[in-house]
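Data from my_file24.pdb: PDB, C-alpha atoms
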ATOM      1  CA  MET A  94       8.144  -1.917   1.596
ATOM      2  CA  THR A  95       4.882  -0.175   0.617
ATOM      3  CA  ALA A  96       1.484   0.353   2.257
ATOM      4  CA  SER A  97      -1.617   2.142   0.937
ATOM      5  CA  SER A  98      -4.349   4.030   2.762
ATOM      6  CA  LEU A  99      -7.153   6.505   2.037
ATOM      7  CA  ALA A 100      -6.417  10.179   2.732
ATOM      8  CA  TRP A 101      -8.290  13.464   2.231
ATOM      9  CA  GLY A 102      -6.741  16.575   0.684
ATOM     10  CA  SER A 103      -9.450  19.016   1.884
ATOM     11  CA  PRO A 104     -11.319  17.385   4.772
ATOM     12  CA  LEU A 105     -12.943  20.702   5.791
ATOM     13  CA  ALA A 106     -15.259  20.295   2.802
ATOM     14  CA  PHE A 107     -17.188  17.683   4.794
ATOM     15  CA  TRP A 108     -18.777  20.564   6.763
ATOM     16  CA  LEU A 109     -20.886  21.175   3.655
ATOM     17  CA  LEU A 110     -22.720  17.932   4.443
ATOM     18  CA  LEU A 111     -24.489  19.891   7.201
ATOM     19  CA  LEU A 112     -26.541  21.476   4.399
ATOM     20  CA  VAL A 113     -28.111  18.102   3.537
ATOM     21  CA  PRO A 114     -30.821  18.314   6.271
ATOM     22  CA  ILE A 115     -31.634  21.880   5.135
ATOM     23  CA  PHE A 116     -31.995  20.766   1.514
ATOM     24  CA  ALA A 117     -34.139  17.845   2.623
ATOM     25  CA  TRP A 118     -36.413  20.189   4.599
ATOM     26  CA  ARG A 119     -36.719  22.603   1.651
ATOM     27  CA  LEU A 120     -37.526  19.789  -0.793
ATOM     28  CA  GLY A 121     -40.265  18.524   1.503
ATOM     29  CA  ALA A 122     -41.747  21.972   2.173
ATOM     30  CA  HIS A 123     -43.599  22.316  -1.158
ATOM     31  CA  GLY A 124     -46.689  20.508   0.124
ATOM     32  CA  GLY A 125     -48.783  18.128  -1.899
ATOM     33  CA  VAL A 126     -48.560  17.777  -5.601
ATOM     34  CA  PRO A 127     -51.343  19.736  -7.452
ATOM     35  CA  THR A 128     -54.035  17.435  -8.804
ATOM     36  CA  VAL A 129     -56.973  17.615 -11.176
ATOM     37  CA  ARG A 130     -60.203  15.882 -10.198
ATOM     38  CA  PHE A 131     -61.763  13.610 -12.798
ATOM     39  CA  PRO A 132     -65.314  12.371 -12.567
ATOM     40  CA  GLY A 133     -64.287   8.764 -12.977
ATOM     41  CA  VAL A 134     -61.299   6.446 -12.673
ATOM     42  CA  LEU A 135     -61.830   4.956 -16.117
ATOM     43  CA  LEU A 136     -61.314   8.355 -17.730
ATOM     44  CA  LEU A 137     -58.033   8.822 -15.793
ATOM     45  CA  LYS A 138     -56.688   5.505 -17.090
ATOM     46  CA  THR A 139     -56.926   6.763 -20.673
ATOM     47  CA  VAL A 140     -54.585   9.712 -19.916
ATOM     48  CA  GLY A 141     -51.430   7.594 -19.421
ATOM     49  CA  HIS A 142     -49.564   5.378 -17.059
ATOM     50  CA  PRO A 143     -49.801   6.358 -13.402
ATOM     51  CA  VAL A 144     -46.705   7.692 -11.645
ATOM     52  CA  ARG A 145     -45.540   5.208  -8.999
ATOM     53  CA  ALA A 146     -44.864   6.352  -5.472
ATOM     54  CA  ASP A 147     -41.252   5.121  -5.767
ATOM     55  CA  TRP A 148     -40.542   7.752  -8.410
ATOM     56  CA  GLY A 149     -41.531  10.436  -5.948
ATOM     57  CA  ARG A 150     -39.092   9.190  -3.372
ATOM     58  CA  LEU A 151     -36.384   8.966  -6.032
ATOM     59  CA  ARG A 152     -37.029  12.579  -7.049
ATOM     60  CA  PHE A 153     -36.557  13.593  -3.430
ATOM     61  CA  ALA A 154     -33.350  11.561  -2.938
ATOM     62  CA  LEU A 155     -31.483  12.288  -6.183
ATOM     63  CA  PRO A 156     -30.389  15.881  -5.403
ATOM     64  CA  LEU A 157     -29.359  14.898  -1.872
ATOM     65  CA  LEU A 158     -27.235  12.041  -3.163
ATOM     66  CA  ALA A 159     -25.756  14.265  -5.860
ATOM     67  CA  TRP A 160     -24.820  16.932  -3.294
ATOM     68  CA  THR A 161     -23.198  14.295  -1.033
ATOM     69  CA  ALA A 162     -21.114  12.945  -3.935
ATOM     70  CA  LEU A 163     -19.990  16.463  -4.910
ATOM     71  CA  VAL A 164     -18.968  17.235  -1.320
ATOM     72  CA  ILE A 165     -16.898  14.053  -1.226
ATOM     73  CA  ALA A 166     -15.227  15.183  -4.462
ATOM     74  CA  MET A 167     -14.481  18.605  -2.935
ATOM     75  CA  ALA A 168     -12.865  16.831   0.042
ATOM     76  CA  ARG A 169     -10.369  15.391  -2.478
ATOM     77  CA  PRO A 170     -10.090  11.675  -1.667
ATOM     78  CA  GLN A 171      -6.582  10.381  -2.319
ATOM     79  CA  LEU A 172      -4.864   7.018  -2.339
ATOM     80  CA  ALA A 173      -1.767   7.544  -0.176
ATOM     81  CA  THR A 174       1.104   5.113  -0.716
ATOM     82  CA  ASP A 175       3.844   5.028   1.904
ATOM     83  CA  ALA A 176       7.133   3.645   0.620
ATOM     84  CA  GLU A 177      10.328   2.874   2.468
ATOM     85  CA  VAL A 178      13.444   2.335   0.384
ATOM     86  CA  VAL A 179      16.264   0.729   2.333
ATOM     87  CA  LYS A 180      19.763   1.380   1.074
ATOM     88  CA  ALA A 181      22.310  -1.404   0.879
ATOM     89  CA  SER A 182      24.277  -1.743   4.099
ATOM     90  CA  GLY A 183      27.655  -1.541   2.401
ATOM     91  CA  VAL A 184      28.629  -5.019   3.656
ATOM     92  CA  ASP A 185      29.757  -7.497   0.985
ATOM     93  CA  ILE A 186      29.832 -11.142   2.083
ATOM     94  CA  LEU A 187      31.163 -14.016   0.007
ATOM     95  CA  VAL A 188      30.472 -17.505   1.354
ATOM     96  CA  ALA A 189      32.965 -20.164   0.225
ATOM     97  CA  LEU A 190      31.438 -23.646   0.705
ATOM     98  CA  ASP A 191      33.337 -26.928   0.556
ATOM     99  CA  VAL A 192      31.478 -29.448  -1.640
ATOM    100  CA  SER A 193      34.056 -32.235  -1.629
ATOM    101  CA  ARG A 194      32.846 -35.828  -1.132
ATOM    102  CA  SER A 195      33.758 -35.788   2.555
ATOM    103  CA  MET A 196      30.833 -33.362   3.043
ATOM    104  CA  LEU A 197      28.538 -36.370   2.503
ATOM    105  CA  ALA A 198      29.399 -37.682   5.957
ATOM    106  CA  GLU A 199      26.225 -37.851   8.037
ATOM    107  CA  ASP A 200      27.458 -36.545  11.372
ATOM    108  CA  PHE A 201      25.122 -33.521  11.445
ATOM    109  CA  SER A 202      21.395 -33.377  12.160
ATOM    110  CA  ILE A 203      18.389 -31.367  10.900
ATOM    111  CA  GLY A 204      15.278 -31.329  13.065
ATOM    112  CA  GLY A 205      16.532 -34.298  15.068
ATOM    113  CA  GLN A 206      17.154 -36.342  11.912
ATOM    114  CA  ARG A 207      20.579 -37.443  10.745
ATOM    115  CA  ALA A 208      21.825 -35.302   7.858
ATOM    116  CA  THR A 209      24.894 -34.849   5.714
ATOM    117  CA  ARG A 210      27.279 -32.014   6.384
ATOM    118  CA  ILE A 211      26.405 -30.360   3.096
ATOM    119  CA  ASP A 212      22.642 -30.438   3.761
ATOM    120  CA  ALA A 213      23.097 -28.888   7.205
ATOM    121  CA  VAL A 214      25.446 -26.258   5.799
ATOM    122  CA  LYS A 215      22.979 -25.320   3.033
ATOM    123  CA  GLN A 216      20.076 -24.975   5.461
ATOM    124  CA  VAL A 217      21.945 -22.812   7.981
ATOM    125  CA  THR A 218      23.524 -20.710   5.227
ATOM    126  CA  GLU A 219      20.039 -19.997   3.861
ATOM    127  CA  GLU A 220      18.926 -18.825   7.327
ATOM    128  CA  PHE A 221      21.992 -16.565   7.499
ATOM    129  CA  ILE A 222      21.129 -15.042   4.115
ATOM    130  CA  GLU A 223      17.534 -14.390   5.214
ATOM    131  CA  GLY A 224      18.793 -12.583   8.311
ATOM    132  CA  ARG A 225      20.848 -10.063   6.310
ATOM    133  CA  PRO A 226      18.464  -8.710   3.624
ATOM    134  CA  ASN A 227      20.425  -5.499   3.050
ATOM    135  CA  ASP A 228      23.849  -7.047   2.384
ATOM    136  CA  ARG A 229      25.266  -8.060  -0.954
ATOM    137  CA  ILE A 230      25.996 -11.771  -0.638
ATOM    138  CA  GLY A 231      27.593 -14.200  -3.059
ATOM    139  CA  ILE A 232      28.489 -17.894  -2.960
ATOM    140  CA  ILE A 233      31.502 -19.807  -4.262
ATOM    141  CA  ALA A 234      31.590 -23.592  -4.032
ATOM    142  CA  PHE A 235      34.800 -25.564  -4.239
ATOM    143  CA  ALA A 236      36.071 -29.095  -4.364
ATOM    144  CA  GLY A 237      39.061 -29.852  -6.612
ATOM    145  CA  ARG A 238      38.554 -26.320  -7.979
ATOM    146  CA  PRO A 239      36.247 -23.382  -7.173
ATOM    147  CA  TYR A 240      33.237 -22.344  -9.215
ATOM    148  CA  LEU A 241      30.797 -19.457  -8.883
ATOM    149  CA  VAL A 242      27.341 -20.327  -7.538
ATOM    150  CA  SER A 243      26.149 -16.707  -7.385
ATOM    151  CA  PRO A 244      27.898 -13.333  -7.714
ATOM    152  CA  LEU A 245      27.398 -10.678  -5.051
ATOM    153  CA  THR A 246      23.744  -9.699  -5.166
ATOM    154  CA  LEU A 247      20.891  -8.155  -3.202
ATOM    155  CA  ASN A 248      18.446 -10.515  -4.919
ATOM    156  CA  HIS A 249      18.457 -13.040  -2.102
ATOM    157  CA  ASP A 250      15.545 -15.079  -3.467
ATOM    158  CA  TRP A 251      17.602 -15.855  -6.551
ATOM    159  CA  LEU A 252      20.654 -16.457  -4.353
ATOM    160  CA  LYS A 253      18.795 -19.021  -2.219
ATOM    161  CA  GLN A 254      17.492 -20.811  -5.304
ATOM    162  CA  ASN A 255      21.065 -21.272  -6.522
ATOM    163  CA  LEU A 256      22.110 -22.455  -3.062
ATOM    164  CA  LYS A 257      19.391 -25.135  -3.076
ATOM    165  CA  ARG A 258      20.626 -26.418  -6.452
ATOM    166  CA  LEU A 259      24.138 -26.855  -5.064
ATOM    167  CA  ARG A 260      25.236 -30.489  -4.831
ATOM    168  CA  ILE A 261      28.340 -32.584  -4.560
ATOM    169  CA  GLY A 262      29.954 -33.998  -7.700
ATOM    170  CA  LEU A 263      29.632 -31.041 -10.081
ATOM    171  CA  VAL A 264      33.447 -30.742 -10.285
ATOM    172  CA  GLU A 265      36.347 -33.105  -9.631
ATOM    173  CA  ASP A 266      36.873 -34.088  -6.025
ATOM    174  CA  GLY A 267      39.451 -32.504  -3.756
ATOM    175  CA  THR A 268      39.746 -29.555  -1.393
ATOM    176  CA  ALA A 269      41.203 -26.461  -3.091
ATOM    177  CA  ILE A 270      40.973 -24.014  -0.177
ATOM    178  CA  GLY A 271      43.659 -21.678  -1.540
ATOM    179  CA  SER A 272      42.000 -21.396  -4.952
ATOM    180  CA  ALA A 273      38.609 -20.773  -3.314
ATOM    181  CA  LEU A 274      40.014 -17.955  -1.150
ATOM    182  CA  ALA A 275      41.735 -16.392  -4.149
ATOM    183  CA  SER A 276      38.516 -16.519  -6.192
ATOM    184  CA  ALA A 277      36.506 -14.981  -3.339
ATOM    185  CA  THR A 278      39.127 -12.248  -2.854
ATOM    186  CA  ARG A 279      39.018 -11.388  -6.549
ATOM    187  CA  ARG A 280      35.230 -11.072  -6.469
ATOM    188  CA  LEU A 281      35.211  -8.875  -3.367
ATOM    189  CA  GLY A 282      38.077  -6.752  -4.706
ATOM    190  CA  GLN A 283      35.884  -5.594  -7.594
ATOM    191  CA  ASN A 284      33.952  -3.331  -5.202
ATOM    192  CA  PRO A 285      36.523  -1.385  -3.131
ATOM    193  CA  ASP A 286      33.849   1.134  -2.033
ATOM    194  CA  ALA A 287      32.099  -1.383   0.239
ATOM    195  CA  LYS A 288      32.319  -0.449   3.924
ATOM    196  CA  THR A 289      33.083  -4.023   4.961
ATOM    197  CA  ARG A 290      34.117  -7.061   2.925
ATOM    198  CA  ILE A 291      34.251 -10.507   4.469
ATOM    199  CA  ILE A 292      34.779 -14.120   3.421
ATOM    200  CA  VAL A 293      33.011 -16.911   5.295
ATOM    201  CA  LEU A 294      35.044 -20.050   4.570
ATOM    202  CA  LEU A 295      33.427 -23.361   5.484
ATOM    203  CA  THR A 296      35.393 -26.552   4.978
ATOM    204  CA  ASP A 297      35.984 -29.921   6.614
ATOM    205  CA  GLY A 298      39.445 -30.788   5.363
ATOM    206  CA  ASP A 299      42.966 -29.773   4.453
ATOM    207  CA  ASN A 300      44.030 -28.119   1.246
ATOM    208  CA  ASN A 301      44.980 -30.913  -1.170
ATOM    209  CA  ALA A 302      44.200 -29.453  -4.601
ATOM    210  CA  GLY A 303      44.712 -26.281  -6.601
ATOM    211  CA  GLN A 304      47.817 -24.281  -7.425
ATOM    212  CA  ILE A 305      47.453 -21.516  -4.823
ATOM    213  CA  SER A 306      48.617 -21.743  -1.236
ATOM    214  CA  PRO A 307      45.831 -20.989   1.291
ATOM    215  CA  THR A 308      48.269 -18.852   3.306
ATOM    216  CA  MET A 309      49.180 -16.727   0.273
ATOM    217  CA  ALA A 310      45.501 -16.308  -0.622
ATOM    218  CA  ALA A 311      44.712 -15.214   2.949
ATOM    219  CA  GLU A 312      47.587 -12.705   2.850
ATOM    220  CA  ALA A 313      46.204 -11.240  -0.388
ATOM    221  CA  ALA A 314      42.758 -10.879   1.183
ATOM    222  CA  ARG A 315      44.244  -9.135   4.209
ATOM    223  CA  ALA A 316      46.136  -6.700   1.953
ATOM    224  CA  LEU A 317      42.800  -5.644   0.430
ATOM    225  CA  GLY A 318      41.156  -5.196   3.839
ATOM    226  CA  ILE A 319      39.026  -8.346   3.532
ATOM    227  CA  LYS A 320      38.256 -10.279   6.726
ATOM    228  CA  ILE A 321      38.158 -14.067   6.821
ATOM    229  CA  TYR A 322      35.821 -15.990   9.116
ATOM    230  CA  SER A 323      36.722 -19.671   8.902
ATOM    231  CA  ILE A 324      34.564 -22.594  10.016
ATOM    232  CA  CYS A 325      35.858 -26.125  10.355
ATOM    233  CA  ALA A 326      32.852 -28.423  10.004
ATOM    234  CA  GLY A 327      32.638 -32.023  11.157
ATOM    235  CA  SER A 328      33.299 -34.264  14.113
ATOM    236  CA  GLU A 329      36.218 -36.514  14.924
ATOM    237  CA  GLY A 330      35.704 -40.283  14.850
ATOM    238  CA  TYR A 331      33.439 -42.443  12.696
ATOM    239  CA  ALA A 332      30.461 -41.274  10.664
ATOM    240  CA  PRO A 333      28.129 -43.023   8.189
ATOM    241  CA  VAL A 334      29.030 -42.155   4.617
ATOM    242  CA  PRO A 335      26.861 -43.135   1.606
ATOM    243  CA  ILE A 336      28.785 -45.271  -0.904
ATOM    244  CA  PRO A 337      27.253 -46.467  -4.221
ATOM    245  CA  ASP A 338      27.855 -50.114  -5.104
ATOM    246  CA  GLN A 339      28.500 -51.531  -8.585
ATOM    247  CA  PHE A 340      24.760 -51.536  -9.314
ATOM    248  CA  GLY A 341      24.269 -47.904  -8.309
ATOM    249  CA  ARG A 342      22.613 -48.728  -5.013
ATOM    250  CA  ILE A 343      23.531 -46.632  -1.989
ATOM    251  CA  THR A 344      24.948 -48.358   1.054
ATOM    252  CA  TYR A 345      26.314 -46.767   4.212
ATOM    253  CA  GLN A 346      29.685 -47.462   5.750
ATOM    254  CA  ASN A 347      31.111 -46.102   8.979
ATOM    255  CA  ILE A 348      34.291 -44.360   7.908
ATOM    256  CA  LYS A 349      36.760 -42.572  10.112
ATOM    257  CA  VAL A 350      36.398 -38.808   9.582
ATOM    258  CA  THR A 351      38.784 -36.118  10.725
ATOM    259  CA  ALA A 352      38.811 -32.353  10.571
ATOM    260  CA  ASP A 353      42.224 -30.772  10.962
ATOM    261  CA  GLU A 354      41.460 -27.314  12.256
ATOM    262  CA  SER A 355      45.040 -26.016  12.537
ATOM    263  CA  GLN A 356      45.256 -24.723   8.966
ATOM    264  CA  VAL A 357      41.708 -23.317   8.955
ATOM    265  CA  ARG A 358      42.411 -21.532  12.251
ATOM    266  CA  LYS A 359      45.568 -19.971  10.794
ATOM    267  CA  LEU A 360      43.634 -18.547   7.833
ATOM    268  CA  ALA A 361      41.262 -16.697  10.186
ATOM    269  CA  GLU A 362      44.226 -15.269  12.116
ATOM    270  CA  ILE A 363      45.828 -13.973   8.913
ATOM    271  CA  GLY A 364      42.517 -12.556   7.717
ATOM    272  CA  ARG A 365      41.903 -10.718  11.043
ATOM    273  CA  GLY A 366      38.658 -12.603  11.448
ATOM    274  CA  LYS A 367      37.660 -15.425  13.757
ATOM    275  CA  PHE A 368      37.839 -19.210  13.745
ATOM    276  CA  PHE A 369      34.926 -21.496  14.649
ATOM    277  CA  ARG A 370      34.456 -25.226  15.030
ATOM    278  CA  ALA A 371      31.063 -26.741  14.098
ATOM    279  CA  THR A 372      30.380 -30.310  15.143
ATOM    280  CA  ASP A 373      26.608 -30.291  14.599
ATOM    281  CA  GLY A 374      23.817 -28.242  13.053
ATOM    282  CA  ASP A 375      23.056 -26.229  16.196
ATOM    283  CA  ALA A 376      26.691 -25.249  16.625
ATOM    284  CA  LEU A 377      26.838 -24.141  12.996
ATOM    285  CA  ARG A 378      23.675 -22.063  13.486
ATOM    286  CA  ASN A 379      25.207 -20.370  16.548
ATOM    287  CA  ILE A 380      28.380 -19.611  14.590
ATOM    288  CA  TYR A 381      26.452 -17.868  11.842
ATOM    289  CA  ALA A 382      24.526 -15.925  14.512
ATOM    290  CA  GLU A 383      27.804 -14.724  16.029
ATOM    291  CA  ILE A 384      29.158 -13.653  12.647
ATOM    292  CA  ASP A 385      25.865 -11.817  12.099
ATOM    293  CA  LYS A 386      26.377  -9.854  15.348
ATOM    294  CA  LEU A 387      30.023  -9.077  14.617
ATOM    295  CA  GLU A 388      29.284  -7.554  11.220
ATOM    296  CA  LYS A 389      26.299  -5.290  11.934
ATOM    297  CA  VAL A 390      26.273  -1.760  10.455
ATOM    298  CA  PRO A 391      23.641   1.019  10.595
ATOM    299  CA  ILE A 392      21.068   0.782   7.796
ATOM    300  CA  GLU A 393      19.926   3.951   6.015
ATOM    301  CA  SER A 394      16.374   4.161   4.731
ATOM    302  CA  ILE A 395      14.379   6.743   2.748
ATOM    303  CA  ARG A 396      10.672   7.190   3.475
ATOM    304  CA  SER A 397       8.326   8.775   0.942
ATOM    305  CA  ARG A 398       4.573   9.251   0.494
ATOM    306  CA  ASN A 399       2.890   9.479  -2.880
ATOM    307  CA  PHE A 400      -0.700  10.581  -3.496
ATOM    308  CA  ARG A 401      -3.076   9.655  -6.311
ATOM    309  CA  GLU A 402      -6.139  11.868  -6.666
ATOM    310  CA  LEU A 403      -9.498  10.042  -6.660
ATOM    311  CA  TYR A 404     -11.878  13.055  -6.683
ATOM    312  CA  MET A 405     -12.913  12.403 -10.282
ATOM    313  CA  TRP A 406     -14.912   9.331  -9.250
ATOM    314  CA  PRO A 407     -17.331  10.982  -6.769
ATOM    315  CA  LEU A 408     -17.408  14.041  -9.039
ATOM    316  CA  GLY A 409     -18.566  11.897 -11.947
ATOM    317  CA  VAL A 410     -21.163  10.191  -9.744
ATOM    318  CA  GLY A 411     -22.474  13.578  -8.568
ATOM    319  CA  PHE A 412     -22.884  14.953 -12.091
ATOM    320  CA  ALA A 413     -24.460  11.693 -13.255
ATOM    321  CA  LEU A 414     -27.048  11.900 -10.465
ATOM    322  CA  LEU A 415     -27.802  15.534 -11.378
ATOM    323  CA  CYS A 416     -28.280  14.588 -15.018
ATOM    324  CA  VAL A 417     -30.568  11.695 -14.054
ATOM    325  CA  GLY A 418     -32.595  14.014 -11.844
ATOM    326  CA  MET A 419     -32.970  16.643 -14.571
ATOM    327  CA  GLY A 420     -33.880  14.037 -17.165
ATOM    328  CA  TRP A 421     -36.421  12.462 -14.856
ATOM    329  CA  SER A 422     -38.015  15.871 -14.099
ATOM    330  CA  LEU A 423     -38.395  16.586 -17.815
ATOM    331  CA  SER A 424     -39.894  13.176 -18.643
ATOM    332  CA  VAL A 425     -41.302  10.636 -16.199
ATOM    333  CA  GLY A 426     -41.531  12.986 -13.251
ATOM    334  CA  ARG A 427     -43.074  15.903 -15.108
ATOM    335  CA  ARG A 428     -46.023  17.386 -13.182
ATOM    336  CA  LEU A 429     -49.046  19.326 -14.212
ATOM    337  CA  PRO A 430     -48.903  23.023 -13.283
TER     338      PRO A 430
END
Please rewrite the model in this file as structure tokens.
Amino acid sequence: MTASSLAWGSPLAFWLLLLVPIFAWRLGAHGGVPTVRFPGVLLLKTVGHPVRADWGRLRFALPLLAWTALVIAMARPQLATDAEVVKASGVDILVALDVSRSMLAEDFSIGGQRATRIDAVKQVTEEFIEGRPNDRIGIIAFAGRPYLVSPLTLNHDWLKQNLKRLRIGLVEDGTAIGSALASATRRLGQNPDAKTRIIVLLTDGDNNAGQISPTMAAEAARALGIKIYSICAGSEGYAPVPIPDQFGRITYQNIKVTADESQVRKLAEIGRGKFFRATDGDALRNIYAEIDKLEKVPIESIRSRNFRELYMWPLGVGFALLCVGMGWSLSVGRRLP
């Protein structure tokens, strides 16, 4: 974060501005300008163009303005830029999101409107990312197999863009929880120097795909010191699910939905984390808020201030005014002795 302001390297130089009234008094103490009387106005017109009164005032003001500009230059105006560089917190978070077809069930809500599980999850996950700007966060999505949405990164704008592009149907359907945990563990294991490494697993079903047991994957994560926070999303009962017909039109059917939390709860116990149950968008938001509180660490920051000298601008103005004054005195403002 940066902020700029005007500063002065030698502010005591402004005391020299007290000389301006003295200079003004001295310039006005010469009395009237010497004149030569001519017997007629017509003869005076043949001598040259008359000097306008404005030139006299300009002759009086130029040295005062020049002196003011030079004093400002001596005060050394500077553009001060304050910068604060925040170090990474040392917390690595990998979010594993279930994108199987069951996540299309519309038993969640966003702003009072009915929404699919996946849409609610994406929105609340984005809010969670925004609340932890100093953590490295990555996303893995999984259905019949896991795939990387974003590696661990501090570029959260890019991370959120990839999250918004996430949709159901990019890979074969299924729920490969074990494979997703193993993939997340492998990613987090590449940075053993992180102070804290956690997996946030969000799913609505049982493991029914993949070659890796969820329990074995959780044990591997625990061996590497990785915590697992598991969230079982969805309600019990019937929920409207969009189903395309033979013409590609979407119709809704109330289908019985279940969410077996026993296995998901066990994974959190193995991973020394915590289990949560989310039955609506507000509950999911509260869960992310609790995880946010549980994984807070002190943030280190470095403050610095850089200065850019600006004295050359008033200095140039001062010398330019002096040159104009001298040139005017030797030409237009030249007086008879």
Do a neighbour search on range 365-372 of chain A at 8 Å with all atoms listed in the file, toss out local chain neighbours closer than 3 positions, and write the hits as a ChimeraX atom specification. /A:200-201,315,320-328,354,357-358,361-362,376-377,380
Output C-alpha atoms of each residue in that selection to a file, as a PDB file, in the frame of the given file.
ATOM      1  CA  ASP A 200      27.458 -36.545  11.372  1.00  0.00           C
ATOM      2  CA  PHE A 201      25.122 -33.521  11.445  1.00  0.00           C
ATOM      3  CA  ARG A 315      44.244  -9.135   4.209  1.00  0.00           C
ATOM      4  CA  LYS A 320      38.256 -10.279   6.726  1.00  0.00           C
ATOM      5  CA  ILE A 321      38.158 -14.067   6.821  1.00  0.00           C
ATOM      6  CA  TYR A 322      35.821 -15.990   9.116  1.00  0.00           C
ATOM      7  CA  SER A 323      36.722 -19.671   8.902  1.00  0.00           C
ATOM      8  CA  ILE A 324      34.564 -22.594  10.016  1.00  0.00           C
ATOM      9  CA  CYS A 325      35.858 -26.125  10.355  1.00  0.00           C
ATOM     10  CA  ALA A 326      32.852 -28.423  10.004  1.00  0.00           C
ATOM     11  CA  GLY A 327      32.638 -32.023  11.157  1.00  0.00           C
ATOM     12  CA  SER A 328      33.299 -34.264  14.113  1.00  0.00           C
ATOM     13  CA  GLU A 354      41.460 -27.314  12.256  1.00  0.00           C
ATOM     14  CA  VAL A 357      41.708 -23.317   8.955  1.00  0.00           C
ATOM     15  CA  ARG A 358      42.411 -21.532  12.251  1.00  0.00           C
ATOM     16  CA  ALA A 361      41.262 -16.697  10.186  1.00  0.00           C
ATOM     17  CA  GLU A 362      44.226 -15.269  12.116  1.00  0.00           C
ATOM     18  CA  ALA A 376      26.691 -25.249  16.625  1.00  0.00           C
ATOM     19  CA  LEU A 377      26.838 -24.141  12.996  1.00  0.00           C
ATOM     20  CA  ILE A 380      28.380 -19.611  14.590  1.00  0.00           C
TER      21      ILE A 380
END
Write out as a ChimeraX atom specification the residues lying within 6 Å of range 239-241 of chain A, counting all atoms listed in the file and excluding same-chain residues fewer than 5 positions away. /A:233-234,273
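Residues matched by the PyMOL selection byres ((chain A and resi 187) around 9) in this file: Asp185, Ile186, Val188, Ala189, Arg229, Ile230, Gly231, Ile232, Ile233, Pro244, Leu245, Ala277, Thr278, Arg280, Leu281, Arg290, Ile291, Ile292, Val293 and Leu294 of chain A.
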Check what the PyMOL selection byres ((chain A and resi 402-408) around 6) selects in the file above and give those residues as a PyMOL selection string. chain A and resi 162-163+166+169-171+401+409-411
Quick check on the file I pasted: which residues fall under the PyMOL selection byres ((chain A and resi 219) around 12)? Write them as number ranges by chain. A: 188, 212-218, 220-226, 230-232, 249-257, 259, 378, 381
Which value, in Å to one decimal, gives the distance between CA of Ala287 in chain A and CA of Lys359 in chain A? 25.3 Å
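For the pair CA of Ile115 in chain A and CA of Ile165 in chain A, the separation is 17.9 Å.
Atom to atom, CA of Ile270 in chain A and CA of Ala314 in chain A stand 13.3 Å apart.
In this comparison, which uses only C-alpha atoms, the residue of A:Pro337, A:Gly303, A:Gly418, A:Gly282 approaching Ala316 in chain A most closely is A:Gly282.
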Which residue out of A:Leu387, A:Ala198, A:Ala311, A:Ile363 has the minimum interatomic distance to Ile348 in chain A when all atoms listed in the file are used? A:Ala198
Take every atom of range 297-302 of chain A listed in the file, fit an axis-aligned box around them, add 8 Å per side, and give the centre and edge lengths in Å to one decimal as JSON.
{"center_x": 40.5, "center_y": -29.5, "center_z": 1.0, "size_x": 25.0, "size_y": 18.8, "size_z": 27.2}
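Among the candidate residues A:Val264, A:Leu360, A:Ile203, A:Ala313, the one lying nearest to Asp373 in chain A is A:Ile203, with distances computed using only C-alpha atoms.
Remark: for Ser243 in chain A, the closest of the candidate residues A:Gly330, A:Leu190, A:Ser202, A:Gly420 is A:Leu190 (distances computed over all atoms listed in the file).
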